[in-house]
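Here the structure is laid out as structure tokens; the discussion comes afterwards.
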Amino acid sequence: MREAALIQPPPFSQSEDYALFLDFDGTLVDIVERPDAVMVDPALPGILTRLQERLGGALAIISGRPIEFLDSRFRPHLFDIGGLHGLERRVGGELFLCDPDEHPHLRQMAARLEEIVAPKRGVLIEDKGCSIAIHWRLAPQEKDFALETAHAAVQALGPDYRVQHGKAVAEILPAAAGKGKVIEQFLQQEPYRGRIPIFAGDDLTDENGFKTVNAHGGLSIRIGGGETIARERLGTPSDLRHCLSVWATEGTLPFDRIS
Ligand SMILES: O=P(O)(O)OC[C@H]1O[C@H](O[C@H]2O[C@H](CO)[C@@H](O)[C@H](O)[C@H]2O)[C@H](O)[C@@H](O)[C@@H]1O
């Protein structure tokens, strides 16, 4: 990572050279105990809309969440989104969705997993159709159980599926999913094509996105602690929201480093 105390990204006269990609949980919004309890800061949709205009439309949320969930949190705003760790995508209103019916074994596994975790108080199954997350934030003592359950499920499903590790979560999803891949797909399409990517994320799934962004000579930003290949670091989602707000209103994007 660079040692500079402050980054001064592009003035608005050059902002159409850049594409901005933003992770959701732990990056734009704070981590909370339950997946369905996440809250969007009321000022955030307006800040993102302003940035989207500044960037000529080249702003997308890149998340492990489904597009439908993110829309429910940002309504009436409909941002470009790479959802489900890149399994689905919306660009300029055009949708590329993942069909759960194409994953019949995963669907059967979802029902089985509900039964397996039922006796474990605080372990939550988040069924997202084409992926299934097993959460243990409310039951940290069940971490090993949750991890073993996720890995056993993938073992049973075969090589078309993998486990994505995250913050107090293990997700079972198609092996082809990846944030790097979906960022690459965005960069092949207008208005993202040919631009320098900027990507902020906080978690293991985002490291794959950082790899792609670094390969394009872009700016990768890790939110919070942990080992990373990101080139810059910010402390909290609130720090990032502040930076985005400054960029939206003043034309610069200052990142105070924490490490
Ligand atoms: O790619 P992201 O937008 O960062 O999404 C990653 C996963 O985030 C969510 O889980 C995490 O946030 C929850 C709410 O704060 C928290 O309770 C949980 O412990 C975290 O792992 C979400 O529920 C998953 O579907 C996303 O894949």
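Residues are referred to by chain and number: the chain letter is A, B, ... according to the order shown in the structure tokens, the number counts from 1 in that chain, and ligands are numbered separately from 1 in the order shown.
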Contact check, chain A to ligand 1, at most 6 Å, counting only C-alpha atoms and all ligand atoms, closest pairs as a Markdown table:
```
| residue | atom | partner | partner_atom_place_in_ligand_line | distance |
| --- | --- | --- | --- | --- |
| A:Asp23 | CA | ligand 1 | 3 (O) | 5.0 |
| A:Phe24 | CA | ligand 1 | 3 (O) | 3.6 |
| A:Asp25 | CA | ligand 1 | 4 (O) | 3.8 |
| A:Gly26 | CA | ligand 1 | 4 (O) | 5.8 |
| A:Ile31 | CA | ligand 1 | 15 (O) | 3.3 |
| A:Val32 | CA | ligand 1 | 15 (O) | 3.8 |
| A:Glu33 | CA | ligand 1 | 17 (O) | 4.3 |
| A:Arg34 | CA | ligand 1 | 17 (O) | 4.0 |
| A:Pro35 | CA | ligand 1 | 14 (C) | 3.9 |
| A:Val38 | CA | ligand 1 | 14 (C) | 5.4 |
| A:Ser63 | CA | ligand 1 | 1 (O) | 3.5 |
| A:Gly64 | CA | ligand 1 | 27 (O) | 3.5 |
| A:Arg65 | CA | ligand 1 | 25 (O) | 4.7 |
| A:Arg137 | CA | ligand 1 | 19 (O) | 5.1 |
| A:Gly166 | CA | ligand 1 | 21 (O) | 5.6 |
| A:Lys167 | CA | ligand 1 | 21 (O) | 4.2 |
| A:Ala168 | CA | ligand 1 | 19 (O) | 4.8 |
| A:Val169 | CA | ligand 1 | 21 (O) | 4.8 |
```
Selected residues written out, C-alpha atoms, as a PDB file, in the first residue's frame:
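The result, written out as selection-v3.pdb:
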```pdb
ATOM      1  CA  ASP A  23     -19.131  -2.685  -2.040  1.00  0.00           C
ATOM      2  CA  PHE A  24     -22.207  -2.498   0.224  1.00  0.00           C
ATOM      3  CA  ASP A  25     -21.991  -4.272   3.635  1.00  0.00           C
ATOM      4  CA  GLY A  26     -19.099  -3.009   5.751  1.00  0.00           C
ATOM      5  CA  ILE A  31     -22.072  -4.151   9.785  1.00  0.00           C
ATOM      6  CA  VAL A  32     -24.980  -5.077  12.074  1.00  0.00           C
ATOM      7  CA  GLU A  33     -25.987  -8.267  13.862  1.00  0.00           C
ATOM      8  CA  ARG A  34     -28.595  -9.490  11.390  1.00  0.00           C
ATOM      9  CA  PRO A  35     -28.454  -9.295   7.584  1.00  0.00           C
ATOM     10  CA  VAL A  38     -28.807  -3.181   7.785  1.00  0.00           C
ATOM     11  CA  SER A  63     -22.140  -6.727  -3.561  1.00  0.00           C
ATOM     12  CA  GLY A  64     -22.814 -10.213  -2.283  1.00  0.00           C
ATOM     13  CA  ARG A  65     -26.424  -9.115  -1.846  1.00  0.00           C
ATOM     14  CA  ARG A 137     -22.539 -13.468  14.066  1.00  0.00           C
ATOM     15  CA  GLY A 166     -16.795 -13.489   4.820  1.00  0.00           C
ATOM     16  CA  LYS A 167     -17.380 -11.673   8.094  1.00  0.00           C
ATOM     17  CA  ALA A 168     -19.029 -14.249  10.403  1.00  0.00           C
ATOM     18  CA  VAL A 169     -20.453 -15.888   7.295  1.00  0.00           C
TER      19      VAL A 169
END
```
(request) Using backbone DSSP assignments, extract all strand (DSSP E or B) residues from range 68-136 of chain A; output them as a PyMOL selection string. (result) chain A and resi 80-83+88-91+94-96+124-127+132-135
Write a file of the just-selected residues containing C-alpha atoms, as a PDB file, in the first residue's frame.
```pdb
ATOM      1  CA  ASP A  80     -26.111  -0.102 -11.539  1.00  0.00           C
ATOM      2  CA  ILE A  81     -25.360  -3.219  -9.505  1.00  0.00           C
ATOM      3  CA  GLY A  82     -23.202  -6.335  -9.629  1.00  0.00           C
ATOM      4  CA  GLY A  83     -25.116  -8.570  -7.203  1.00  0.00           C
ATOM      5  CA  GLU A  88     -26.115 -11.026 -11.521  1.00  0.00           C
ATOM      6  CA  ARG A  89     -25.727  -7.548 -12.968  1.00  0.00           C
ATOM      7  CA  ARG A  90     -27.738  -4.475 -13.931  1.00  0.00           C
ATOM      8  CA  VAL A  91     -26.167  -1.910 -16.250  1.00  0.00           C
ATOM      9  CA  GLU A  94     -30.430  -3.878 -18.534  1.00  0.00           C
ATOM     10  CA  LEU A  95     -30.642  -6.936 -16.269  1.00  0.00           C
ATOM     11  CA  PHE A  96     -28.529 -10.105 -16.355  1.00  0.00           C
ATOM     12  CA  LEU A 124     -28.998 -18.000  10.299  1.00  0.00           C
ATOM     13  CA  ILE A 125     -29.518 -19.222   6.759  1.00  0.00           C
ATOM     14  CA  GLU A 126     -29.809 -16.412   4.216  1.00  0.00           C
ATOM     15  CA  ASP A 127     -31.207 -18.019   1.077  1.00  0.00           C
ATOM     16  CA  ILE A 132     -26.871 -19.581   0.383  1.00  0.00           C
ATOM     17  CA  ALA A 133     -25.161 -17.840   3.296  1.00  0.00           C
ATOM     18  CA  ILE A 134     -24.694 -19.423   6.721  1.00  0.00           C
ATOM     19  CA  HIS A 135     -24.288 -16.656   9.340  1.00  0.00           C
TER      20      HIS A 135
END
```
(request) Could you give me, as a PyMOL selection string, the residues within 12 Å of Glu227 in chain A, counting only C-alpha atoms and dropping anything in the same chain fewer than 5 positions from it? (result) chain A and resi 1+202-204+206-207+222+232-233+259
(request) Work out how far apart CA of Glu184 in chain A and CA of Ala230 in chain A are and give it in Å to one decimal. (result)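 Pair CA of Glu184 in chain A / CA of Ala230 in chain A returns 16.7 Å.
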(request) Provide the CA of Cys98 in chain A to CA of Ile183 in chain A distance in Å, to one decimal place. (result)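 Separating CA of Cys98 in chain A from CA of Ile183 in chain A is a distance of 16.6 Å.
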(message) Taking 2 positions as the minimum chain separation for residues in the same chain, which residues sit within 10 Å of Val154 in chain A when counting only C-alpha atoms? Answer as a list in words.
(response)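 Listing them by chain and then by number gives Leu106, Met109, Glu148, Thr149, Ala150, His151, Ala152, Ala156, Leu157, Gly158, Pro159, Asp160, Tyr161, Arg162, Val163, Glu171, Ile172, Leu173, Pro174 and Ala175 of chain A.
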(message) Neighbouring residues of Gly46 in chain A were defined as those with any atom within 12 Å, considering only C-alpha atoms; residues of the same chain fewer than 3 positions away were excluded. Please report them as a PyMOL selection string.
(response) chain A and resi 40-43+49-53+74-79+241+244-245+248-249
Keeping only C-alpha atoms, write the selected residues to a file as a PDB file, in the first residue's frame.
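So part03.pdb came out as:
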```pdb
ATOM      1  CA  VAL A  40     -28.621   2.987   4.706  1.00  0.00           C
ATOM      2  CA  ASP A  41     -27.611   6.482   5.858  1.00  0.00           C
ATOM      3  CA  PRO A  42     -30.378   8.793   4.585  1.00  0.00           C
ATOM      4  CA  ALA A  43     -27.809  11.045   2.871  1.00  0.00           C
ATOM      5  CA  THR A  49     -26.672  10.005  -7.365  1.00  0.00           C
ATOM      6  CA  ARG A  50     -24.531  13.157  -7.484  1.00  0.00           C
ATOM      7  CA  LEU A  51     -21.373  11.090  -8.007  1.00  0.00           C
ATOM      8  CA  GLN A  52     -23.093   9.046 -10.698  1.00  0.00           C
ATOM      9  CA  GLU A  53     -23.815  12.298 -12.564  1.00  0.00           C
ATOM     10  CA  PHE A  74     -32.086   2.456  -2.135  1.00  0.00           C
ATOM     11  CA  ARG A  75     -35.605   2.813  -3.576  1.00  0.00           C
ATOM     12  CA  PRO A  76     -36.566   4.923  -5.539  1.00  0.00           C
ATOM     13  CA  HIS A  77     -32.945   5.041  -6.786  1.00  0.00           C
ATOM     14  CA  LEU A  78     -31.975   2.202  -9.122  1.00  0.00           C
ATOM     15  CA  PHE A  79     -28.182   2.123  -9.300  1.00  0.00           C
ATOM     16  CA  ARG A 241     -19.185   8.117   3.117  1.00  0.00           C
ATOM     17  CA  LEU A 244     -17.692  10.288  -1.221  1.00  0.00           C
ATOM     18  CA  SER A 245     -19.637  13.270   0.027  1.00  0.00           C
ATOM     19  CA  ALA A 248     -19.573  14.740  -4.793  1.00  0.00           C
ATOM     20  CA  THR A 249     -19.679  18.315  -3.569  1.00  0.00           C
TER      21      THR A 249
END
```
(message) I'd like to know which of A:Gly56, A:Met39, A:Gly86, A:Ile229 is closest to Ser72 in chain A, using only C-alpha atoms.
(response)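 For Ser72 in chain A, the nearest of the candidates is A:Met39.
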(message) Between CA of Gly201 in chain A and CA of Gly180 in chain A, what distance in Å does the model show, to one decimal?
(response)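 It comes out at 11.9 Å.
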(request) List every residue of range 7-251 of chain A that DSSP, applied to the backbone of this structure, places in helix (DSSP H, G or I), and write the result as a PyMOL selection string. (result) chain A and resi 12-17+35-37+44-54+67-74+84-86+100-102+104-117+140-157+179-187+204-215+237-250
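For the residues A:Asp71, A:Asp101, A:Asp30, A:Asp17, ranking by smallest atom-to-atom distance to Leu240 in chain A using only C-alpha atoms places A:Asp30 first.
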